[in-house]
Every structure is written in structure tokens, then in C-alpha cells.
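In what follows, a structure is listed as C-alpha cells, so that the remarks can point back to it.
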Amino acid sequence: MKFFFKALFVLVIAKKALAIDQVNLFLKWDHQFQFAGYYAAIEKGYYKEQNIETTLINRVKKNGEIYGLYELLENGTVDFSVGGPDVILEIDQGKDYQVVSTIFQQSPFGYFSLKNIDHPAKLKNKNVMISKNDFSFFELAALIKAEGLKDENVFNEVPMSFNPLSIYNDDVDLKAHYVLSELWGTKEQKVKPTYFTASDFGLHFYGDTLITTGKLVREDPELVERFRRATIKGWQYALDNPEEISHLIVNKYPEIREKYTDDYQFNIHSYKIIKELMNYPNVEIGHTSTHRWQKIASHLRLIGVISSIPNSEKYIFNYKNLQAKQQNTLFKLLSFTFSLILILLLFYIYRFYKRKNEVEIEINKYISLLNNFPEALAIFSESGAMTLYNNKFSTMFQFEKNKSPIFLDNLLKKSFNLKSIKNLDSKELILNSKTVEITIKTLDSKLSEFKTIFLIKDISERKKLLLEIEEEKNRSFHMSKLASIGEMAAGVGHEINNPLTIIQGYISQLEKSLPEDTENKKRLEIVKTNLSRIKDIVSGMRKLAHKKSDEKALVDLKEIVTETFNFLSQLYLNDGITLTLNINDKYHNYTHEAKASEIQQIITNLLTNAAHALDNKPSAHIELILTKENNLNIIEIIDNGPGIPENIQDKIFDPFFTTKDVNKGTGLGLSISHTLAKSNNIDLGFKTSQNGTVFRLKFL
């Protein structure tokens with residue numbers, strides 16, 4: 001019988017491993033490059049690699065009619081759907097949906113005009129072609145609210161038309177539409193409209209988003225994670241091979257509703273815009289920020305389309321967190337099962353205790369059970385002497401069997417520095433450099449001499465997993481903030497650079513019109529010098545914000561340290577800090593296999609940390625050095641600050657540890673730098689004294 005159950009269990013596991021999951025995916029519009037990643041994942045076999053067979057369902061029916069956006073997901077016809085941030089409205093109405101992955105990092109909606117309307121303030125009493133049921137209306141309403149404009153009677157609504165020539169109509173001043181199709185349609189008709197987006201004014205809504213049901217996440221989170229991984233892999237391939245996928249779409253996935261003059265060129269055009277909407281390759285494909293989803297919900301709450309702001313951590317799919325919860329549930333189930341088995345064990349031992357021969361047979365069986373139990377276990381008698389124990393228990397406490405008895409009180413005092421305790425529920429302690437959880441249960445005295453059960457569980461791996469999840473969460477939030485700052489820095493740099501160029505042009509004209517050796521001529525030279533400094537700062541800002549790739553590649557450390565120096569040196573000089581750059585033998589080959597953006601972040605974090613240490617110090621100085629040592633690349637950041645106190649030197653790389661004042665630091669800079677250094681095969685260390693500190697990066 002035992003063999004039968006074991007064989008049945010093996011067959012069930014094998015069937016699950018070989019089974020192909022059938023999945024239906026709903027596309028939110030007609031076939032086009034907007035869904036390129038899903039086509040690529042099917043055609044390149046990425047879904048099949050995950051044991052998934054995927055069927056695509058077009059929103060546009062063969063007769064030209066369209067499905068409701070969440071109609072098929074709600075009635076169970078599809079398992080996944082391409083939606084958008086409007087899923088928050090569905091969740092607010094009680095729908096059980098989960099955000100699996102965010103594909104478009106920016107909204108694809110734009111507001112087009114032939115009448116030079118480039119700001120929401122110009123919309124008063126204007127005729128706007130828009131639908132109040134469409135998310136483009138909610139974005140525009142949120143933008144009007146954010147700009148401090150009155151949202152009552154700001155504009156007049158005109159019925160929507162998908163014809164790009166509709167903005168020729170005298171009755172239409174502005175049209176809300178998808179940037180992909182509107183820009184292509186107006187290009188075909190040789191119309192050049194002006195347009196603006198919500199992100200132009202700092203409102204960053206997400207775009208296309210992969211969505212599933214909470215029911216599927218609860219029943220099979222592993223399937224959702226496999227589908228997510230294959231989808232991201234498909235998008236990676238589509239973005240790296242746009243021509244191939246564009247041909248595939250035209251030949252295998254033709255449109256039903258809309259026809260363009262050249263479908264292939266339309267898809268290539270769409271690829272270029274989608275790449276910008278995804279912020280690829282600066283942002284990881286599928287990156288989702290809970291903080292940003294909360295921000296989007298707050299905008300929707302302000303314009304009154306949702307009643308409350310749902311907690312984004314509850315509707316954003318997080319496989320690591322689900323794994324941890326499943327492990328915890330399984331652990332509790334095993335603990336309960338063991339407790340039940342243990343009670344039965346003690347009951348049978350009590351029943352047969354007086355029949356010595358039978359008891360010995362039964363005890364031997366249960367001792368075998370105890371020895372096979374995965375955790376350390378011992379049972380103590382009324383007197384406190386150990387009566388039964390398993391092999392794990394003896395190994396953990398390093399004592400030999402059949403020697404003098406061990407007593408519970410001595411064990412607690414010697415190993416855990418605890419007094420004798422009758423009952424102890426799940427207390428975490430350190431034993432032999434491992435984190436363990438001990439449980440002590442005192443049984444009813446009627447159960448013969450078996451009085452106390454002592455259980456020890458090694459939870460070191462579980463604690464490590466939870467810590468990794470928390471660190472990943474903090475790093476993701478920090479990286480999301482850096483990405484937002486990078487986007488803003490790029491925009492600011494672009495806006496500043498244009499007027500600077502104009503100013504320099506006028507100064508050159510003035511300089512030519514002035515005689516030599518005059519006071520005004522000298523003043524213009526000073527102005528030109530300071531303008532050049534400003535341009536250097538702007539140039540450094542833009543370079544920092546536009547890294548070409550976030551993948552590991554052979555990077556030039558000279559270029560990275562020079563860019564960082566050019567950007568920060570002028571800023572530090574304004575704070576009274578002199579930053580110098582020393583590259584030992586500039587003709588050396590300073591290359592390393594790494595992620596360039598992460599190397600730059602490490603150096604920036606270390607320089608920022610050094611600058612904070614020099615706050616208000618006279619003659620403050622930081623030196624940035626690039627050199628070779630034993631044929632290894634070395635970067636050093638040296639400051640002449642007060643040094644790091646000895647009592648905190650072993651804590652500076654811990655997450656959230658900081659000695660800075662409130663609002664001057666999060667305690668994450670050095671921790672993240674240490675983590676990024678490890679992932680890029682770099683040894684990060686430091687030396688410190690009262691005369692300053694040296695942080696040293698050794699590229700292994």
C-alpha cells in the first residue's frame with residue numbers, strides 16, 4: 001500500500017511537469033507593433049520554453065466590432081489582457097485584477113492641434129475631440145487639475161473620430177489620440193500638428209500593462225511568473241529585431257479594422273515611438289513601481305473617478321513575496337502535522353508503556369520517525385532528563401549518544417543563556433552562528449514521564465530570503481527614483497541648452513562690436529567663461545541621464561570617471577569643495593566587463609558621501625584617482641574630512657544606517673554601492689583616519 005501511494009505521488013508530479021498550460025491573451029486593439037513582444041514570444045518559442053501554449057484574441061472582431069476592454073477577462077474567456085492604468089478604476093469598483101508587468105513606462109496618449117495649442121491653459125472654450133469614457137480624458141483632466149486650472153467648462157467635447165484629417169475640421173481645436181497612429185496618419189496626409197502629453201508637464205502615467213485575475217495569481221502564481229518571463233523575453237527580442245517582427249506582423253497578423261498605405265513602414269514607425277515609451281534600454285523591460293502606481297491613483301482620486309486609493313502592493317504581482325508566503329504557509333502546515341504526529345506518538349507510548357516488549361518495538365518505530373524528521377527534536381522526562389531525541393538534535397549540540405543524560409535546565413543555560421521555561425513559543429535565538437527558532441511545550445502530567453517537548457528549527461535560509469526580498473524592494477524603489485530623476489535631468493538639460501546657445505551667440509556679436517582692451521570687453525570674457533561652465537554642467541547632466549545600455553558590456557572606465565568629474569566638479573566648487581581628477585598614464589587600457597550606469601552610480605554615491613563628510617570644512621578637497629595595480633584597474637576617492645569613527649566602521653555598508661541629519665540621507669547610498677560592486681565583480685573597501693578617508697574600488 002505504501003508503494004502504491006508513493007508511485008501515485010510520482011505520477012502526479014510527472015504529469016504536472018509535462019503538462020502544457022493553455023493560455024489566452026487579449027490584445028487591446030488591432031494587430032500592430034504595439035503588441036510586438038507577444039508575437040515574438042510566440043514565434044521564437046519563448047512561451048513554449050515555459051510549457052505554455054498561447055492563443056491571441058484580437059479586440060477587433062472579424063465584422064469590425066470591438067470587445068469591451070476588460071469584458072473577456074471578467075467573464076473568464078482570457079487569462080491575461082493588455083490593459084493600462086485604467087485597471088485602477090476596475091479595482092476601485094471591486095474587480096479582482098492583478099498588474100503582472102508594466103510594458104509602456106509612459107502614456108501613449110497625445111493631444112494634437114493645428115492651431116498651436118501646446119498647453120492646457122489654452123483650452124478654455126475650445127472644441128476638443130475626446131471621449132469622456134476614454135483614459136485620455138482622465139489624463140487631460142488630471143493635467144488640468146495639476147496645472148491649477150478650473151476644471152469646469154474648460155473645453156467643449158466633440159465626438160471622437162479616428163480619421164487623422166479630423167483636425168482639419170474648423171469645429172475641432174484639439175484632438176486626443178494614440179501618438180502611434182495619429183503621428184503616422186497625419187504624416188501620410190502631410191499634416192504637421194503640434195501636440196503635447198501629460199508627461200511634458202510632469203504627470204507620468206503608465207501605458208500598456210499586462211493584467212491577469214487575482215484568482216489565477218492565487219491558484220497558480222508559478223504560471224503567471226512563467227508567462228511574465230517569456231513575455232519580457234519576447235519584448236527584448238522584438239526591440240532588438242524590429243524589421244523582422246514588422247515583417248512577421250504584416251505577413252501573419254494582418255489588421256482587420258484599419259489599413260495604412262504601407263503597413264510595414266507603419267510598424268517600423270511604431271517601433272521607434274514604442275522604444276521611447278518603454279524608455280528602452282534605460283529602464284528594465286516590465287519595470288513596475290508601486291510608488292508610481294500610488295501616484296497615478298492619487299491623480300484619479302483628485303479628479304473624482306475613483307472613490308479611494310487602493311494599496312498598490314495588493315494588486316501588483318510580486319512572485320518573490322508570494323514564494324515567501326507559500327514557504328511560511330507550508331512551514332506552519334508541517335509544524336501542525338508534526339504536532340499532531342507527536343501527540344499520537346506520545347499517546348501510543350503511554351498506552352503500551354506497561355507492556356515492555358511491545359513498548360520497545362513501538363518506541364523503536366517512533367525513534368526511526370524522529371530521526372527522519374527534518375528538524376532537531378528532543379523529549380524530556382518529569383525530572384528534566386532527556387529521554388528521546390533524534391540525530392539532528394545530537395549533531396546540533398555535539399554530544400555522543402548513550403553517555404550521561406542531558407538535562408533541560410543545563411541545556412537552556414549553556415546554549416541559550418535562558419532560565420528554565422515551561423512553555424516557549426517560537427523564540428528566535430543564535431546557535432553556532434545560525435539563527436534558530438526554539439519551541440518548548442510542557443505536556444499534561446498524566447502522560448507518564450514524557451513531560452517536555454523541545455523543538456529547534458534552523459531558519460537561517462528563511463531569514464536570508466526575507467532580507468533579500470526587503471533589500472530588493474528598497475533597491476527597486478531607489479532605482480525607480482533615480483530613473484525619474486534621470487528623466488527630469490535629461491529634460492532640464494535639453495531646455496537649458498537651447499537658451500544658452502542663443503546667449504552665447506549674442507555675446508559673440510557684442511564682443512565683435514567692442515574695441516579691444518575695454519572694460520566691457522573684459523566683462524564679456526568673464527560672462528563667456530561662466531557660460532562655458534554652465535554648459536559643462538548641463539552636458540554632464542545630460543550624459544548622466546542618457547546611458548546607452550544597462551546591460552553588462554566592456555566599458556571604458558576613463559570615460560566614466562571623466563564624465564562624472566565634469567558633471568560634479570563645478571557643483572562641488574560652488575559648495576566650497578575642490579574636486580580633482582588624476583588618471584595615471586592616460587594611455588593605459590582601463591576597461592572592465594560591467595554595467596556602465598551602475599559603475600557611474602557607485603562613483604557618484606561615493607563622491608556624494610565624501611562631500612557630505614566635508615560639510616562646512618575649510619579647504620575641503622576630494623581627489624578622484626584612476627590607476628593600475630598588479631594589472632588590475634583601481635579607482636580611489638580620497639577626502640580630507642574627519643574620517644569615520646571606529647565604533648561605526650563595521651556598519652557603514654548596512655542598509656538604512658546613516659549618521660547624517662534628517663532629510664540629508666537615507667542610509668542606502670553605501671549599501672547600494674556595495675551591492676552593485678559585488679554584482680559587477682568589484683571589491684569595495686575603505687581606509688580611514690582623522691586626516692581623511694579613502695574608498696577604493698578594485699576591479700577583479
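Please note that chains go A, B, ... in the order of the C-alpha cells, that every chain numbers its residues from 1, and that ligands are numbered from 1 in the order shown.
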
- Could you name the residues that touch segment 278-293 of chain A at 6 Å or less, counting only C-alpha atoms, but leaving out those on the same chain fewer than 4 positions away, as a list in words?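 Residues near the query, excluding close chain neighbours: Ser101, Thr102, Ile103, Phe104, Gln105, Ser312 and Ser549 of chain A.
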
Go ahead and write the selection's residues with N, CA, C and O atoms as a compact mmCIF listing (two decimals), in the first residue's frame.
```txt
# COMPACT_ATOMS: atom_id res chain seq x y z
N SER A 101 2.90 43.07 -15.22
CA SER A 101 4.10 43.75 -15.70
C SER A 101 3.69 45.01 -16.46
O SER A 101 2.68 45.01 -17.16
N THR A 102 4.46 46.09 -16.29
CA THR A 102 4.18 47.34 -16.99
C THR A 102 5.11 47.43 -18.20
O THR A 102 6.33 47.47 -18.05
N ILE A 103 4.53 47.48 -19.41
CA ILE A 103 5.34 47.49 -20.64
C ILE A 103 5.70 48.92 -21.04
O ILE A 103 6.86 49.25 -21.23
N PHE A 104 4.70 49.81 -21.17
CA PHE A 104 4.97 51.21 -21.54
C PHE A 104 5.21 52.02 -20.27
O PHE A 104 4.31 52.13 -19.43
N GLN A 105 6.41 52.60 -20.14
CA GLN A 105 6.72 53.40 -18.96
C GLN A 105 6.09 54.80 -19.02
O GLN A 105 6.03 55.49 -18.01
N SER A 312 -1.27 49.70 -3.77
CA SER A 312 -0.70 49.10 -4.98
C SER A 312 0.02 47.78 -4.69
O SER A 312 0.12 46.92 -5.57
N SER A 549 23.05 51.84 -22.58
CA SER A 549 22.64 50.46 -22.29
C SER A 549 22.78 50.19 -20.81
O SER A 549 23.64 50.74 -20.13
```

- Query: What is the atom CA of Ser308 of chain A to atom CA of Phe155 of chain A distance in Å?
  - Reply: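 Atom-to-atom, atom CA of Ser308 of chain A and atom CA of Phe155 of chain A are spaced 26.8 Å apart.
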
- Message: I'd like the neighbourhood of Glu225 of chain A as a ChimeraX atom specification, where a residue qualifies if any of its atoms comes within 10 Å (using only C-alpha atoms), though same-chain residues fewer than 6 positions away should be ignored.
- Response: /A:50,100-101,217,231,317-320
